[in-house]
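Visitor: Data file model_12.tsv (TSV, C-alpha atoms) is appended below.
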chain	number	residue	atom	x	y	z
C	28	MET	CA	-16.58	-2.57	7.69
C	29	ALA	CA	-19.18	-2.65	4.88
C	30	PHE	CA	-20.60	0.68	6.03
C	31	VAL	CA	-17.14	2.31	5.81
C	32	LEU	CA	-16.63	0.92	2.28
C	33	VAL	CA	-20.03	2.27	1.16
C	34	ALA	CA	-19.24	5.67	2.71
C	35	ILE	CA	-15.86	5.78	0.94
C	36	MET	CA	-17.51	4.88	-2.39
C	37	ILE	CA	-20.12	7.61	-1.94
C	38	PHE	CA	-17.41	10.13	-1.04
C	39	PHE	CA	-15.34	9.29	-4.14
C	40	SER	CA	-18.41	9.37	-6.40
C	41	PHE	CA	-19.27	12.88	-5.12
C	42	ALA	CA	-15.66	13.95	-5.67
C	43	ALA	CA	-15.73	12.54	-9.22
C	44	LEU	CA	-19.07	14.25	-9.93
C	45	PHE	CA	-17.67	17.57	-8.71
C	46	TYR	CA	-14.52	17.12	-10.82
C	47	PHE	CA	-16.50	16.31	-13.99
C	48	SER	CA	-18.86	19.27	-13.53
C	49	LEU	CA	-15.86	21.61	-13.25
C	50	SER	CA	-14.28	20.02	-16.33
C	51	VAL	CA	-17.44	20.49	-18.40
C	52	SER	CA	-17.76	24.16	-17.43
C	53	LYS	CA	-14.08	24.72	-18.25
C	54	LEU	CA	-14.62	22.99	-21.60
C	55	LYS	CA	-17.43	25.42	-22.47
C	56	GLY	CA	-15.17	28.37	-21.62
C	57	ASP	CA	-12.34	26.92	-23.72
C	58	ALA	CA	-14.72	26.52	-26.67
C	59	GLU	CA	-15.73	30.19	-26.36
C	60	ASP	CA	-12.06	31.23	-26.22
C	61	LEU	CA	-11.20	29.21	-29.32
C	62	ARG	CA	-14.17	30.65	-31.17
C	63	GLU	CA	-13.16	34.17	-30.15
C	64	LYS	CA	-9.60	33.65	-31.40
C	65	GLU	CA	-10.92	32.25	-34.67
C	66	VAL	CA	-13.17	35.28	-35.20
C	67	LYS	CA	-10.37	37.74	-34.40
C	68	GLU	CA	-8.06	36.03	-36.88
C	69	THR	CA	-10.78	35.87	-39.52
C	70	VAL	CA	-11.48	39.60	-39.11
C	71	ARG	CA	-7.80	40.33	-39.75
C	72	ARG	CA	-7.68	38.09	-42.82
C	73	LEU	CA	-11.02	39.20	-44.27
C	74	ALA	CA	-9.70	42.64	-45.21
C	75	GLY	CA	-7.22	40.95	-47.54
C	76	SER	CA	-9.78	38.71	-49.24
C	77	PRO	CA	-10.56	39.44	-52.91
C	78	GLU	CA	-14.12	40.48	-52.05
C	79	PHE	CA	-12.88	43.34	-49.85
C	80	SER	CA	-9.31	44.19	-50.83
C	81	TRP	CA	-8.22	47.51	-52.25
C	82	THR	CA	-6.17	46.58	-55.30
C	83	VAL	CA	-4.84	49.97	-56.40
C	84	TYR	CA	-1.99	49.84	-53.89
C	85	ASP	CA	-0.46	46.97	-51.97
C	86	CYS	CA	-2.29	47.52	-48.70
C	87	PRO	CA	-3.25	44.42	-46.68
C	88	THR	CA	-5.62	46.28	-44.34
C	89	CYS	CA	-7.33	48.46	-46.95
C	90	ILE	CA	-10.92	47.72	-47.89
C	91	ASP	CA	-12.44	48.84	-51.18
C	92	LEU	CA	-15.62	50.56	-50.04
C	93	ASP	CA	-17.12	50.45	-53.54
C	94	LYS	CA	-16.71	46.65	-53.66
C	95	VAL	CA	-18.33	46.27	-50.25
C	96	MET	CA	-21.27	48.43	-51.30
C	97	VAL	CA	-21.82	46.29	-54.39
C	98	LEU	CA	-21.31	43.09	-52.36
C	99	LYS	CA	-24.06	44.16	-49.96
C	100	ASP	CA	-26.69	44.01	-52.72
C	101	LEU	CA	-25.49	40.87	-54.55
C	102	GLU	CA	-27.93	37.98	-54.24
C	103	SER	CA	-25.26	35.48	-55.31
C	104	TYR	CA	-23.33	36.05	-52.05
C	105	ASN	CA	-26.25	35.09	-49.81
C	106	GLY	CA	-25.01	32.15	-47.77
C	107	PHE	CA	-21.37	32.65	-48.82
C	108	TRP	CA	-20.27	33.20	-45.22
C	109	LYS	CA	-22.42	30.53	-43.61
C	110	ARG	CA	-20.95	30.53	-40.13
C	111	ILE	CA	-20.79	34.32	-39.75
C	112	PRO	CA	-23.94	35.86	-38.19
C	113	LEU	CA	-22.63	39.46	-38.20
C	114	LEU	CA	-20.46	41.21	-40.76
C	115	LYS	CA	-20.38	44.96	-41.27
C	116	VAL	CA	-18.06	47.78	-42.24
C	117	GLU	CA	-18.28	51.03	-40.31
C	118	ARG	CA	-16.65	54.39	-40.95
C	119	VAL	CA	-14.94	55.83	-37.87
C	120	TYR	CA	-13.60	59.11	-39.27
C	121	PRO	CA	-14.96	61.27	-40.80
C	122	ARG	CA	-18.49	60.62	-39.59
C	123	TYR	CA	-21.47	61.60	-41.74
C	124	GLU	CA	-24.24	60.60	-39.28
C	125	ASN	CA	-26.39	59.23	-42.12
C	126	GLY	CA	-26.59	55.75	-40.70
C	127	GLU	CA	-26.86	52.68	-42.94
C	128	CYS	CA	-25.57	53.00	-46.49
C	129	THR	CA	-27.96	52.76	-49.42
C	130	ARG	CA	-27.34	53.54	-53.07
C	131	ASP	CA	-28.87	56.99	-52.56
C	132	LYS	CA	-26.77	57.94	-49.53
C	133	TYR	CA	-23.44	56.44	-50.66
C	134	PRO	CA	-20.68	57.58	-50.01
C	135	GLU	CA	-21.90	60.00	-47.32
C	136	CYS	CA	-22.94	57.25	-44.92
C	137	ASP	CA	-21.32	55.46	-42.00
C	138	LYS	CA	-22.33	51.77	-42.01
C	139	ILE	CA	-22.56	48.95	-44.53
C	140	THR	CA	-24.16	45.85	-43.07
C	141	ILE	CA	-23.46	42.77	-45.16
C	142	ILE	CA	-24.78	40.10	-42.79
C	143	GLU	CA	-26.86	40.53	-39.65
C	144	THR	CA	-28.59	37.35	-38.53
C	145	GLY	CA	-28.83	35.43	-35.31
C	146	GLU	CA	-29.13	36.37	-31.69
C	147	ASN	CA	-26.64	36.23	-28.83
C	148	VAL	CA	-23.88	37.56	-31.06
C	149	ILE	CA	-20.56	38.78	-29.68
C	150	ALA	CA	-18.85	41.17	-32.08
C	151	TYR	CA	-15.15	41.86	-32.62
C	152	SER	CA	-13.64	44.52	-34.82
C	153	SER	CA	-10.41	45.43	-36.51
C	154	PHE	CA	-9.39	48.88	-37.68
C	155	VAL	CA	-8.92	49.16	-41.44
C	156	SER	CA	-8.58	51.82	-44.11
C	157	LEU	CA	-11.72	52.35	-46.16
C	158	CYS	CA	-10.61	53.37	-49.64
C	159	ARG	CA	-12.65	54.42	-52.66
C	160	TYR	CA	-12.30	56.47	-55.79
C	161	ASP	CA	-13.58	60.00	-55.24
C	162	ASN	CA	-14.86	61.84	-58.31
C	163	LEU	CA	-14.70	65.23	-56.60
C	164	ILE	CA	-10.94	65.14	-56.17
C	165	ASP	CA	-10.38	62.78	-59.13
C	166	SER	CA	-8.23	60.51	-56.99
C	167	GLU	CA	-8.34	57.81	-54.34
C	168	ARG	CA	-9.58	58.65	-50.89
C	169	CYS	CA	-8.91	56.55	-47.79
C	170	GLU	CA	-10.65	57.02	-44.47
C	171	LEU	CA	-10.49	55.32	-41.08
C	172	GLY	CA	-12.96	52.51	-40.51
C	173	LYS	CA	-13.43	49.19	-38.85
C	174	LEU	CA	-14.48	45.76	-39.97
C	175	ILE	CA	-16.91	44.21	-37.48
C	176	MET	CA	-17.53	40.50	-37.32
C	177	GLY	CA	-19.42	38.45	-34.77
C	178	PHE	CA	-20.08	34.91	-33.69
C	179	GLU	CA	-22.91	33.30	-31.81
C	180	THR	CA	-22.27	32.32	-28.22
C	181	ILE	CA	-22.70	28.76	-27.05
C	182	GLN	CA	-25.90	28.27	-25.10
Could you write out this structure as structure tokens?

Guide:
Amino acid sequence: MAFVLVAIMIFFSFAALFYFSLSVSKLKGDAEDLREKEVKETVRRLAGSPEFSWTVYDCPTCIDLDKVMVLKDLESYNGFWKRIPLLKVERVYPRYENGECTRDKYPECDKITIIETGENVIAYSSFVSLCRYDNLIDSERCELGKLIMGFETIQ
């Protein structure tokens, strides 16, 4: 009788151990999903933030490319987005194939990297309009781009 009770206790402890290991792995996946949803929502809202928004017209998904270029070089914004390991703006069309934007190459460049730190980063993007004032045509010019933001995966 005692042997049967011990065997039943061992069986139920193995079943509980199996159940808890599955629960912990599901919890890690749920945390990744919540983080992914947060990043996707933040990418959508970031285009409308004062640091990025195009204020000439009422356009919630328009990014002022001149502001972003200035923001890239500002020392006072270091550490402003503490939990974001990757933040960049990339031109989709038209492409200039000049790579990363610098003051010398701007505006004929394709990428402005604001933050790029950390490893094991998963990136998400949202299509936006990249607008700027163009001196050649003496008017505003908007092009197709994307705002890329990433988060670090849970180890």

Visitor: Hey, what's within 12 Å of Glu65 in chain C if we count only C-alpha atoms and toss same-chain stuff fewer than 3 positions away? As a PyMOL selection string, please?

Guide: chain C and resi 58-62+68-73+110-111+151+176-178

Visitor: Dig up all the protein and nucleic acid residues within 7 Å of (-12.2, 45.8, -38.8) in the file frame, using all atoms listed in the file, and format them as a PyMOL selection string.

Guide: chain C and resi 70+152-155+172-175

Visitor: Can you work out the spacing between CA of Glu143 in chain C and CA of Arg168 in chain C in Å, to one decimal?

Guide: 27.4 Å

Visitor: What is the CA of Val148 in chain C to CA of Lys67 in chain C distance in Å?

Guide: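 Atom-to-atom, CA of Val148 in chain C and CA of Lys67 in chain C are spaced 13.9 Å apart.
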
Visitor: From the set C:Ala150, C:Leu92, C:Val119, C:Leu113, which residue has the shortest atom-to-atom contact distance to Tyr133 in chain C, counting only C-alpha atoms?

Guide: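 Residue with the minimum atom-to-atom distance to Tyr133 in chain C: C:Leu92.
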
Visitor: Got a moment to write range 123-168 of chain C out with C-alpha atoms, as a PDB file, in the first residue's frame?

Guide:
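Output below, filename out.pdb:
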ATOM      1  CA  TYR C 123      20.009  57.019 -54.159  1.00  0.00           C
ATOM      2  CA  GLU C 124      22.314  54.113 -53.192  1.00  0.00           C
ATOM      3  CA  ASN C 125      24.507  56.439 -51.103  1.00  0.00           C
ATOM      4  CA  GLY C 126      24.002  54.528 -47.891  1.00  0.00           C
ATOM      5  CA  GLU C 127      24.024  56.258 -44.504  1.00  0.00           C
ATOM      6  CA  CYS C 128      23.168  59.951 -44.431  1.00  0.00           C
ATOM      7  CA  THR C 129      25.781  62.485 -43.398  1.00  0.00           C
ATOM      8  CA  ARG C 130      25.668  66.263 -43.661  1.00  0.00           C
ATOM      9  CA  ASP C 131      27.668  66.061 -46.898  1.00  0.00           C
ATOM     10  CA  LYS C 132      25.435  63.479 -48.610  1.00  0.00           C
ATOM     11  CA  TYR C 133      22.053  64.800 -47.422  1.00  0.00           C
ATOM     12  CA  PRO C 134      19.450  64.670 -49.027  1.00  0.00           C
ATOM     13  CA  GLU C 135      20.755  62.214 -51.652  1.00  0.00           C
ATOM     14  CA  CYS C 136      21.096  59.342 -49.204  1.00  0.00           C
ATOM     15  CA  ASP C 137      18.922  56.425 -48.141  1.00  0.00           C
ATOM     16  CA  LYS C 138      19.328  55.784 -44.391  1.00  0.00           C
ATOM     17  CA  ILE C 139      19.373  57.831 -41.208  1.00  0.00           C
ATOM     18  CA  THR C 140      20.310  55.749 -38.187  1.00  0.00           C
ATOM     19  CA  ILE C 141      19.346  57.456 -34.938  1.00  0.00           C
ATOM     20  CA  ILE C 142      19.984  54.578 -32.519  1.00  0.00           C
ATOM     21  CA  GLU C 143      21.763  51.295 -33.147  1.00  0.00           C
ATOM     22  CA  THR C 144      22.848  49.533 -29.975  1.00  0.00           C
ATOM     23  CA  GLY C 145      22.449  46.070 -28.583  1.00  0.00           C
ATOM     24  CA  GLU C 146      22.519  42.606 -30.038  1.00  0.00           C
ATOM     25  CA  ASN C 147      19.757  40.091 -30.700  1.00  0.00           C
ATOM     26  CA  VAL C 148      17.482  42.815 -32.031  1.00  0.00           C
ATOM     27  CA  ILE C 149      14.280  42.054 -33.910  1.00  0.00           C
ATOM     28  CA  ALA C 150      13.217  44.970 -36.098  1.00  0.00           C
ATOM     29  CA  TYR C 151       9.753  46.063 -37.211  1.00  0.00           C
ATOM     30  CA  SER C 152       8.909  48.791 -39.664  1.00  0.00           C
ATOM     31  CA  SER C 153       6.054  50.979 -40.745  1.00  0.00           C
ATOM     32  CA  PHE C 154       5.719  52.746 -44.066  1.00  0.00           C
ATOM     33  CA  VAL C 155       5.694  56.545 -43.813  1.00  0.00           C
ATOM     34  CA  SER C 156       6.051  59.585 -46.029  1.00  0.00           C
ATOM     35  CA  LEU C 157       9.428  61.274 -45.782  1.00  0.00           C
ATOM     36  CA  CYS C 158       8.858  64.977 -46.378  1.00  0.00           C
ATOM     37  CA  ARG C 159      11.340  67.836 -46.642  1.00  0.00           C
ATOM     38  CA  TYR C 160      11.641  71.243 -48.192  1.00  0.00           C
ATOM     39  CA  ASP C 161      13.399  71.037 -51.559  1.00  0.00           C
ATOM     40  CA  ASN C 162      15.260  74.159 -52.681  1.00  0.00           C
ATOM     41  CA  LEU C 163      15.462  72.980 -56.294  1.00  0.00           C
ATOM     42  CA  ILE C 164      11.705  73.014 -56.805  1.00  0.00           C
ATOM     43  CA  ASP C 165      11.092  75.654 -54.099  1.00  0.00           C
ATOM     44  CA  SER C 166       8.406  73.508 -52.519  1.00  0.00           C
ATOM     45  CA  GLU C 167       7.815  70.509 -50.286  1.00  0.00           C
ATOM     46  CA  ARG C 168       8.805  67.079 -51.490  1.00  0.00           C
TER      47      ARG C 168
END
